[in-house]
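Engineer: Supplied structure: work_24.pdb, PDB, C-alpha atoms.
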```
ATOM      1  CA  MET A   1      96.528  81.210 130.804  1.00  0.00           C
ATOM      2  CA  LYS A   2      98.335  77.921 130.251  1.00  0.00           C
ATOM      3  CA  GLN A   3     101.375  77.909 127.993  1.00  0.00           C
ATOM      4  CA  SER A   4     101.801  75.100 125.513  1.00  0.00           C
ATOM      5  CA  THR A   5     104.678  72.668 125.890  1.00  0.00           C
ATOM      6  CA  LEU A   6     104.627  70.846 122.604  1.00  0.00           C
ATOM      7  CA  ALA A   7     107.064  68.448 121.054  1.00  0.00           C
ATOM      8  CA  LYS A   8     106.908  66.409 117.891  1.00  0.00           C
ATOM      9  CA  PRO A   9     106.837  62.640 118.519  1.00  0.00           C
ATOM     10  CA  ASN A  10     110.122  60.867 117.876  1.00  0.00           C
ATOM     11  CA  PHE A  11     110.155  57.935 115.486  1.00  0.00           C
ATOM     12  CA  ASN A  12     112.797  55.269 115.131  1.00  0.00           C
ATOM     13  CA  LEU A  13     113.828  56.483 111.704  1.00  0.00           C
ATOM     14  CA  GLN A  14     117.014  54.444 111.686  1.00  0.00           C
ATOM     15  CA  ASN A  15     115.218  51.106 111.742  1.00  0.00           C
ATOM     16  CA  ASN A  16     111.836  51.933 110.208  1.00  0.00           C
ATOM     17  CA  THR A  17     112.067  52.322 106.442  1.00  0.00           C
ATOM     18  CA  ARG A  18     108.471  53.486 106.124  1.00  0.00           C
ATOM     19  CA  ASP A  19     108.963  56.292 108.642  1.00  0.00           C
ATOM     20  CA  ARG A  20     112.228  57.267 106.962  1.00  0.00           C
ATOM     21  CA  LEU A  21     110.407  57.478 103.631  1.00  0.00           C
ATOM     22  CA  LEU A  22     107.725  59.711 105.118  1.00  0.00           C
ATOM     23  CA  SER A  23     110.288  61.920 106.834  1.00  0.00           C
ATOM     24  CA  CYS A  24     112.322  62.341 103.651  1.00  0.00           C
ATOM     25  CA  ALA A  25     109.218  62.968 101.541  1.00  0.00           C
ATOM     26  CA  THR A  26     108.010  65.563 104.051  1.00  0.00           C
ATOM     27  CA  ASP A  27     111.307  67.429 103.759  1.00  0.00           C
ATOM     28  CA  LEU A  28     111.243  67.323  99.954  1.00  0.00           C
ATOM     29  CA  PHE A  29     107.557  68.287  99.622  1.00  0.00           C
ATOM     30  CA  TYR A  30     108.163  71.162 102.028  1.00  0.00           C
ATOM     31  CA  GLU A  31     111.280  72.403 100.246  1.00  0.00           C
ATOM     32  CA  GLN A  32     110.291  72.013  96.597  1.00  0.00           C
ATOM     33  CA  GLY A  33     106.591  71.116  96.510  1.00  0.00           C
ATOM     34  CA  PHE A  34     104.768  67.882  95.755  1.00  0.00           C
ATOM     35  CA  PRO A  35     104.703  68.209  91.939  1.00  0.00           C
ATOM     36  CA  ASN A  36     108.442  68.916  91.764  1.00  0.00           C
ATOM     37  CA  THR A  37     109.410  65.892  93.851  1.00  0.00           C
ATOM     38  CA  SER A  38     109.874  62.461  92.301  1.00  0.00           C
ATOM     39  CA  ILE A  39     109.738  58.986  93.804  1.00  0.00           C
ATOM     40  CA  ARG A  40     113.344  58.594  92.700  1.00  0.00           C
ATOM     41  CA  GLN A  41     114.390  61.644  94.729  1.00  0.00           C
ATOM     42  CA  ILE A  42     112.673  60.300  97.826  1.00  0.00           C
ATOM     43  CA  GLY A  43     114.424  56.947  97.454  1.00  0.00           C
ATOM     44  CA  LYS A  44     117.770  58.604  96.843  1.00  0.00           C
ATOM     45  CA  GLY A  45     117.267  60.694  99.971  1.00  0.00           C
ATOM     46  CA  ILE A  46     117.381  57.599 102.184  1.00  0.00           C
ATOM     47  CA  GLY A  47     119.556  55.424  99.979  1.00  0.00           C
ATOM     48  CA  ILE A  48     117.027  52.954  98.556  1.00  0.00           C
ATOM     49  CA  THR A  49     115.683  52.244  95.086  1.00  0.00           C
ATOM     50  CA  SER A  50     112.295  53.377  93.802  1.00  0.00           C
ATOM     51  CA  SER A  51     111.107  49.770  93.641  1.00  0.00           C
ATOM     52  CA  ILE A  52     111.477  49.433  97.417  1.00  0.00           C
ATOM     53  CA  ILE A  53     109.262  52.507  97.934  1.00  0.00           C
ATOM     54  CA  TYR A  54     106.468  50.788  96.027  1.00  0.00           C
ATOM     55  CA  HIS A  55     106.593  48.014  98.594  1.00  0.00           C
ATOM     56  CA  TYR A  56     105.322  50.528 101.172  1.00  0.00           C
ATOM     57  CA  PHE A  57     103.249  52.943  99.086  1.00  0.00           C
ATOM     58  CA  GLU A  58     101.293  52.520  95.885  1.00  0.00           C
ATOM     59  CA  ASN A  59     102.390  55.880  94.492  1.00  0.00           C
ATOM     60  CA  LYS A  60     103.623  59.355  95.418  1.00  0.00           C
ATOM     61  CA  GLU A  61     100.088  60.556  96.119  1.00  0.00           C
ATOM     62  CA  GLU A  62      99.643  57.892  98.785  1.00  0.00           C
ATOM     63  CA  ILE A  63     102.772  59.215 100.495  1.00  0.00           C
ATOM     64  CA  LEU A  64     101.284  62.722 100.448  1.00  0.00           C
ATOM     65  CA  PHE A  65      98.029  61.413 101.893  1.00  0.00           C
ATOM     66  CA  GLU A  66      99.785  59.578 104.731  1.00  0.00           C
ATOM     67  CA  ILE A  67     101.816  62.671 105.652  1.00  0.00           C
ATOM     68  CA  LEU A  68      98.656  64.777 105.862  1.00  0.00           C
ATOM     69  CA  ARG A  69      96.539  62.124 107.583  1.00  0.00           C
ATOM     70  CA  SER A  70      99.093  61.555 110.317  1.00  0.00           C
ATOM     71  CA  ALA A  71      99.721  65.281 110.896  1.00  0.00           C
ATOM     72  CA  ILE A  72      96.053  66.285 111.049  1.00  0.00           C
ATOM     73  CA  GLU A  73      95.317  63.492 113.499  1.00  0.00           C
ATOM     74  CA  LYS A  74      98.126  64.846 115.693  1.00  0.00           C
ATOM     75  CA  PHE A  75      96.664  68.375 115.351  1.00  0.00           C
ATOM     76  CA  TYR A  76      93.302  67.057 116.513  1.00  0.00           C
ATOM     77  CA  GLU A  77      94.696  65.030 119.422  1.00  0.00           C
ATOM     78  CA  THR A  78      96.735  67.989 120.668  1.00  0.00           C
ATOM     79  CA  LEU A  79      93.890  70.503 120.443  1.00  0.00           C
ATOM     80  CA  ASP A  80      91.469  68.014 121.994  1.00  0.00           C
ATOM     81  CA  GLU A  81      93.812  67.799 124.992  1.00  0.00           C
ATOM     82  CA  VAL A  82      93.621  71.586 125.266  1.00  0.00           C
ATOM     83  CA  VAL A  83      89.823  71.431 125.307  1.00  0.00           C
ATOM     84  CA  GLU A  84      89.880  68.739 128.001  1.00  0.00           C
ATOM     85  CA  SER A  85      92.361  70.673 130.158  1.00  0.00           C
ATOM     86  CA  GLU A  86      90.490  74.006 130.183  1.00  0.00           C
ATOM     87  CA  SER A  87      87.094  74.322 131.851  1.00  0.00           C
ATOM     88  CA  ASP A  88      86.620  78.007 131.015  1.00  0.00           C
ATOM     89  CA  PRO A  89      85.491  78.385 127.372  1.00  0.00           C
ATOM     90  CA  LEU A  90      87.295  81.690 126.804  1.00  0.00           C
ATOM     91  CA  ASN A  91      90.593  80.403 128.191  1.00  0.00           C
ATOM     92  CA  SER A  92      90.129  77.224 126.175  1.00  0.00           C
ATOM     93  CA  PHE A  93      89.456  79.156 122.960  1.00  0.00           C
ATOM     94  CA  CYS A  94      92.509  81.391 123.440  1.00  0.00           C
ATOM     95  CA  HIS A  95      94.726  78.471 124.411  1.00  0.00           C
ATOM     96  CA  MET A  96      93.589  76.530 121.319  1.00  0.00           C
ATOM     97  CA  ILE A  97      94.600  79.393 119.040  1.00  0.00           C
ATOM     98  CA  ARG A  98      98.033  79.706 120.660  1.00  0.00           C
ATOM     99  CA  VAL A  99      98.665  75.963 120.447  1.00  0.00           C
ATOM    100  CA  HIS A 100      97.333  75.830 116.890  1.00  0.00           C
ATOM    101  CA  ILE A 101      99.833  78.514 115.874  1.00  0.00           C
ATOM    102  CA  ASP A 102     102.663  76.562 117.518  1.00  0.00           C
ATOM    103  CA  LEU A 103     101.605  73.440 115.624  1.00  0.00           C
ATOM    104  CA  PHE A 104     101.454  75.250 112.282  1.00  0.00           C
ATOM    105  CA  THR A 105     104.578  77.404 112.612  1.00  0.00           C
ATOM    106  CA  LEU A 106     106.917  75.260 114.673  1.00  0.00           C
ATOM    107  CA  ILE A 107     106.093  71.668 115.591  1.00  0.00           C
ATOM    108  CA  TYR A 108     104.475  70.623 112.294  1.00  0.00           C
ATOM    109  CA  LYS A 109     105.523  73.553 110.139  1.00  0.00           C
ATOM    110  CA  LYS A 110     106.475  71.361 107.192  1.00  0.00           C
ATOM    111  CA  GLU A 111     103.286  69.297 107.268  1.00  0.00           C
ATOM    112  CA  ALA A 112     101.166  72.446 107.678  1.00  0.00           C
ATOM    113  CA  LYS A 113     102.702  74.012 104.571  1.00  0.00           C
ATOM    114  CA  ILE A 114     102.150  70.808 102.603  1.00  0.00           C
ATOM    115  CA  TRP A 115      98.516  70.746 103.751  1.00  0.00           C
ATOM    116  CA  ALA A 116      97.983  74.349 102.726  1.00  0.00           C
ATOM    117  CA  PHE A 117      99.596  74.111  99.286  1.00  0.00           C
ATOM    118  CA  ASP A 118      99.691  70.474  98.121  1.00  0.00           C
ATOM    119  CA  TYR A 119      96.405  69.049  99.414  1.00  0.00           C
ATOM    120  CA  TYR A 120      94.806  69.687  96.011  1.00  0.00           C
ATOM    121  CA  TYR A 121      97.031  67.077  94.339  1.00  0.00           C
ATOM    122  CA  LEU A 122      95.174  64.289  96.143  1.00  0.00           C
ATOM    123  CA  ASP A 123      92.521  62.317  94.288  1.00  0.00           C
ATOM    124  CA  ASP A 124      88.856  62.763  95.215  1.00  0.00           C
ATOM    125  CA  ASN A 125      88.780  59.875  97.686  1.00  0.00           C
ATOM    126  CA  HIS A 126      91.893  60.925  99.586  1.00  0.00           C
ATOM    127  CA  ARG A 127      90.832  64.573  99.495  1.00  0.00           C
ATOM    128  CA  ARG A 128      87.486  63.636 101.042  1.00  0.00           C
ATOM    129  CA  GLN A 129      89.237  61.750 103.850  1.00  0.00           C
ATOM    130  CA  ILE A 130      91.462  64.734 104.602  1.00  0.00           C
ATOM    131  CA  ARG A 131      88.435  67.048 104.554  1.00  0.00           C
ATOM    132  CA  ASP A 132      86.693  64.752 107.037  1.00  0.00           C
ATOM    133  CA  LEU A 133      89.695  64.946 109.358  1.00  0.00           C
ATOM    134  CA  GLY A 134      89.750  68.715 108.968  1.00  0.00           C
ATOM    135  CA  ARG A 135      86.096  68.845 109.990  1.00  0.00           C
ATOM    136  CA  LYS A 136      87.052  67.268 113.297  1.00  0.00           C
ATOM    137  CA  LEU A 137      89.259  70.301 113.949  1.00  0.00           C
ATOM    138  CA  TYR A 138      86.373  72.582 113.007  1.00  0.00           C
ATOM    139  CA  GLY A 139      84.239  70.607 115.430  1.00  0.00           C
ATOM    140  CA  LEU A 140      86.579  71.355 118.336  1.00  0.00           C
ATOM    141  CA  TYR A 141      86.428  75.063 117.634  1.00  0.00           C
ATOM    142  CA  LYS A 142      82.689  74.928 117.084  1.00  0.00           C
ATOM    143  CA  THR A 143      82.190  73.461 120.540  1.00  0.00           C
ATOM    144  CA  GLN A 144      84.171  76.267 122.191  1.00  0.00           C
ATOM    145  CA  ILE A 145      82.495  79.001 120.133  1.00  0.00           C
ATOM    146  CA  LEU A 146      79.047  77.688 121.042  1.00  0.00           C
ATOM    147  CA  ARG A 147      80.072  77.600 124.706  1.00  0.00           C
ATOM    148  CA  LEU A 148      81.067  81.262 124.422  1.00  0.00           C
ATOM    149  CA  ARG A 149      77.672  82.054 122.953  1.00  0.00           C
ATOM    150  CA  GLU A 150      75.944  80.154 125.765  1.00  0.00           C
ATOM    151  CA  ARG A 151      77.835  82.317 128.249  1.00  0.00           C
ATOM    152  CA  GLY A 152      76.329  85.372 126.549  1.00  0.00           C
ATOM    153  CA  ILE A 153      79.701  86.941 125.775  1.00  0.00           C
ATOM    154  CA  LEU A 154      79.644  86.459 122.010  1.00  0.00           C
ATOM    155  CA  ASN A 155      78.559  89.170 119.609  1.00  0.00           C
ATOM    156  CA  ASP A 156      75.800  88.518 117.093  1.00  0.00           C
ATOM    157  CA  VAL A 157      78.237  86.822 114.714  1.00  0.00           C
ATOM    158  CA  ASP A 158      77.518  83.502 113.049  1.00  0.00           C
ATOM    159  CA  PRO A 159      79.578  80.797 114.866  1.00  0.00           C
ATOM    160  CA  ALA A 160      80.370  79.015 111.598  1.00  0.00           C
ATOM    161  CA  MET A 161      81.786  82.257 110.164  1.00  0.00           C
ATOM    162  CA  ILE A 162      84.012  82.689 113.220  1.00  0.00           C
ATOM    163  CA  ASN A 163      85.192  79.102 112.833  1.00  0.00           C
ATOM    164  CA  PHE A 164      86.064  79.465 109.156  1.00  0.00           C
ATOM    165  CA  CYS A 165      87.853  82.768 109.772  1.00  0.00           C
ATOM    166  CA  VAL A 166      90.006  81.347 112.576  1.00  0.00           C
ATOM    167  CA  ASN A 167      90.937  78.181 110.699  1.00  0.00           C
ATOM    168  CA  GLY A 168      91.495  80.144 107.500  1.00  0.00           C
ATOM    169  CA  MET A 169      93.991  82.373 109.277  1.00  0.00           C
ATOM    170  CA  MET A 170      95.832  79.309 110.527  1.00  0.00           C
ATOM    171  CA  HIS A 171      96.155  77.907 107.020  1.00  0.00           C
ATOM    172  CA  TRP A 172      97.607  81.117 105.600  1.00  0.00           C
ATOM    173  CA  ILE A 173      99.787  82.150 108.492  1.00  0.00           C
ATOM    174  CA  LEU A 174     102.865  80.484 106.952  1.00  0.00           C
ATOM    175  CA  GLN A 175     102.397  82.472 103.758  1.00  0.00           C
ATOM    176  CA  TRP A 176     102.030  85.650 105.797  1.00  0.00           C
ATOM    177  CA  MET A 177     105.252  84.894 107.684  1.00  0.00           C
ATOM    178  CA  LYS A 178     107.061  84.259 104.403  1.00  0.00           C
ATOM    179  CA  LEU A 179     105.869  87.529 102.875  1.00  0.00           C
ATOM    180  CA  GLU A 180     106.626  89.509 106.025  1.00  0.00           C
ATOM    181  CA  GLY A 181     110.048  87.937 106.490  1.00  0.00           C
ATOM    182  CA  GLY A 182     109.630  87.055 110.150  1.00  0.00           C
ATOM    183  CA  ARG A 183     108.787  90.605 111.231  1.00  0.00           C
ATOM    184  CA  LEU A 184     106.738  89.239 114.132  1.00  0.00           C
ATOM    185  CA  SER A 185     107.546  86.325 116.431  1.00  0.00           C
ATOM    186  CA  ARG A 186     105.139  83.398 116.874  1.00  0.00           C
ATOM    187  CA  GLU A 187     104.083  84.817 120.220  1.00  0.00           C
ATOM    188  CA  GLU A 188     103.402  88.247 118.698  1.00  0.00           C
ATOM    189  CA  ILE A 189     101.453  86.673 115.847  1.00  0.00           C
ATOM    190  CA  ALA A 190      99.337  84.732 118.337  1.00  0.00           C
ATOM    191  CA  GLU A 191      98.559  87.882 120.298  1.00  0.00           C
ATOM    192  CA  GLN A 192      97.678  89.818 117.125  1.00  0.00           C
ATOM    193  CA  ILE A 193      95.314  87.078 115.960  1.00  0.00           C
ATOM    194  CA  LEU A 194      93.699  86.855 119.393  1.00  0.00           C
ATOM    195  CA  LYS A 195      93.153  90.624 119.456  1.00  0.00           C
ATOM    196  CA  PHE A 196      91.717  90.549 115.947  1.00  0.00           C
ATOM    197  CA  VAL A 197      89.373  87.639 116.692  1.00  0.00           C
ATOM    198  CA  LEU A 198      88.294  88.613 120.193  1.00  0.00           C
ATOM    199  CA  ASN A 199      87.706  92.282 119.376  1.00  0.00           C
ATOM    200  CA  GLY A 200      85.467  91.175 116.531  1.00  0.00           C
ATOM    201  CA  VAL A 201      83.416  88.472 118.200  1.00  0.00           C
ATOM    202  CA  MET A 202      83.311  89.319 121.923  1.00  0.00           C
ATOM    203  CA  LYS A 203      80.826  91.719 123.476  1.00  0.00           C
ATOM    204  CA  ARG A 204      82.292  94.886 124.937  1.00  0.00           C
ATOM    205  CA  SER A 205      81.836  95.128 128.690  1.00  0.00           C
TER     206      SER A 205
END
```
Would you encode the structure as structure tokens?
Structural biologist:
Amino acid sequence: MKQSTLAKPNFNLQNNTRDRLLSCATDLFYEQGFPNTSIRQIGKGIGITSSIIYHYFENKEEILFEILRSAIEKFYETLDEVVESESDPLNSFCHMIRVHIDLFTLIYKKEAKIWAFDYYYLDDNHRRQIRDLGRKLYGLYKTQILRLRERGILNDVDPAMINFCVNGMMHWILQWMKLEGGRLSREEIAEQILKFVLNGVMKRS
């Protein structure tokens, strides 16, 4: 089974005010939540006035949208690479789950938490766009789940239900880790989820 070697892309934050704004906003949204963060705090965090922020973003909600849009696109690109690199559907499915956990708990931990808890502050239009991006992730899993069914190794479980269960676990894994206080490592969490999913959906030999 391939191990993931993931790294978050580096941006030239020193020279790019827009990227610095997004980075600072991500930190603040992660630490204190979207509703408790002001435009003024974001500007203060990188040493600029609120009026300069409005040169780049119409409002705070647009900043939230851009953080989520960019992160989910990176989630998709990374998981799509997993799909392309694995010819065996079972290996691909397991590798996707492991990489997905790394994305949500390590590489894009802050963005994942913001997605899970602050997505609902977006307006209808932005929320729809984020949902559409999320459906692309569902689509990747759907393809692998249907390949498992074609191989005849999947139990009589609705593929859409499997998909929602897997992605639902990913969204709430950060909350679980917070409540459990880090009792399990990321690797142990990945193995537990794989056991839970595979024991439920795979046929016994």
Engineer: Taking the file as shown, what set of residues would the PyMOL selection byres ((chain A and resi 66) around 12) give back, as an MDAnalysis selection string?
Structural biologist: chainID A and resid 18:19 21:23 25:26 56:65 67:73 111 114:115 119 122 126:127 129:130
Engineer: Since we have the selection now, will you write its residues out, keeping C-alpha atoms, as a compact mmCIF listing (two decimals), in the frame of the given file?
Structural biologist:
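Everything below was put into selection_20.txt:
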```
# COMPACT_ATOMS: atom_id res chain seq x y z
CA ARG A 18 108.47 53.49 106.12
CA ASP A 19 108.96 56.29 108.64
CA LEU A 21 110.41 57.48 103.63
CA LEU A 22 107.72 59.71 105.12
CA SER A 23 110.29 61.92 106.83
CA ALA A 25 109.22 62.97 101.54
CA THR A 26 108.01 65.56 104.05
CA TYR A 56 105.32 50.53 101.17
CA PHE A 57 103.25 52.94 99.09
CA GLU A 58 101.29 52.52 95.88
CA ASN A 59 102.39 55.88 94.49
CA LYS A 60 103.62 59.36 95.42
CA GLU A 61 100.09 60.56 96.12
CA GLU A 62 99.64 57.89 98.78
CA ILE A 63 102.77 59.22 100.50
CA LEU A 64 101.28 62.72 100.45
CA PHE A 65 98.03 61.41 101.89
CA ILE A 67 101.82 62.67 105.65
CA LEU A 68 98.66 64.78 105.86
CA ARG A 69 96.54 62.12 107.58
CA SER A 70 99.09 61.56 110.32
CA ALA A 71 99.72 65.28 110.90
CA ILE A 72 96.05 66.28 111.05
CA GLU A 73 95.32 63.49 113.50
CA GLU A 111 103.29 69.30 107.27
CA ILE A 114 102.15 70.81 102.60
CA TRP A 115 98.52 70.75 103.75
CA TYR A 119 96.40 69.05 99.41
CA LEU A 122 95.17 64.29 96.14
CA HIS A 126 91.89 60.92 99.59
CA ARG A 127 90.83 64.57 99.50
CA GLN A 129 89.24 61.75 103.85
CA ILE A 130 91.46 64.73 104.60
```
Engineer: With the file shown as input, list the residues that the PyMOL selection byres ((chain A and resi 141) around 9) selects, as a PyMOL selection string.
Structural biologist: chain A and resi 93+96+136-140+142-146+163+166-167
Engineer: In Å, how far is it from CA of Asn125 (chain A) to CA of Tyr54 (chain A)?
Structural biologist: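 Computing it gives 20.0 Å between the two atoms.
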Engineer: If you count all atoms listed in the file, which residues fall within 12 Å of region 78-91 of chain A, apart from same-chain ones fewer than 3 positions away, as a ChimeraX atom specification?
Structural biologist: /A:1-9,71-75,94-103,107-108,136-154,194,197-198,201-202
Engineer: Tell me, in Å to one decimal, how far CA of Ile42 (chain A) is from CA of Tyr30 (chain A).
Structural biologist: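 So the answer is 12.5 Å.
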Engineer: If you measure from CA of Phe104 (chain A) to CA of Met170 (chain A), what distance in Å do you get, rounded to one decimal?
Structural biologist: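 Between these atoms lies a distance of 7.2 Å.
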Engineer: Find the residue from A:Thr37, A:Thr17, A:Ser50, A:Asn199 that sits nearest to Val157 (chain A); use all atoms listed in the file when measuring.
Structural biologist: A:Asn199
Engineer: Closest to Phe117 (chain A) among A:Leu184, A:Ile52, A:Ala190, A:Leu174, using all atoms listed in the file?
Structural biologist: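 Smallest separation from Phe117 (chain A) among the options: A:Leu174.
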Engineer: Nearest to Asn155 (chain A) among A:Arg20, A:Lys203, A:Arg40, A:Lys109, with distances taken over only C-alpha atoms: which residue is it?
Structural biologist: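 Under the stated criterion, the closest residue is A:Lys203.
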Engineer: Using all atoms listed in the file for the distances, tell me which of A:Ser185, A:Tyr76, A:Asp27, A:Ile39 is nearest to Gly134 (chain A).
Structural biologist: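 Among A:Ser185, A:Tyr76, A:Asp27, A:Ile39, it is A:Tyr76 that comes nearest to Gly134 (chain A).
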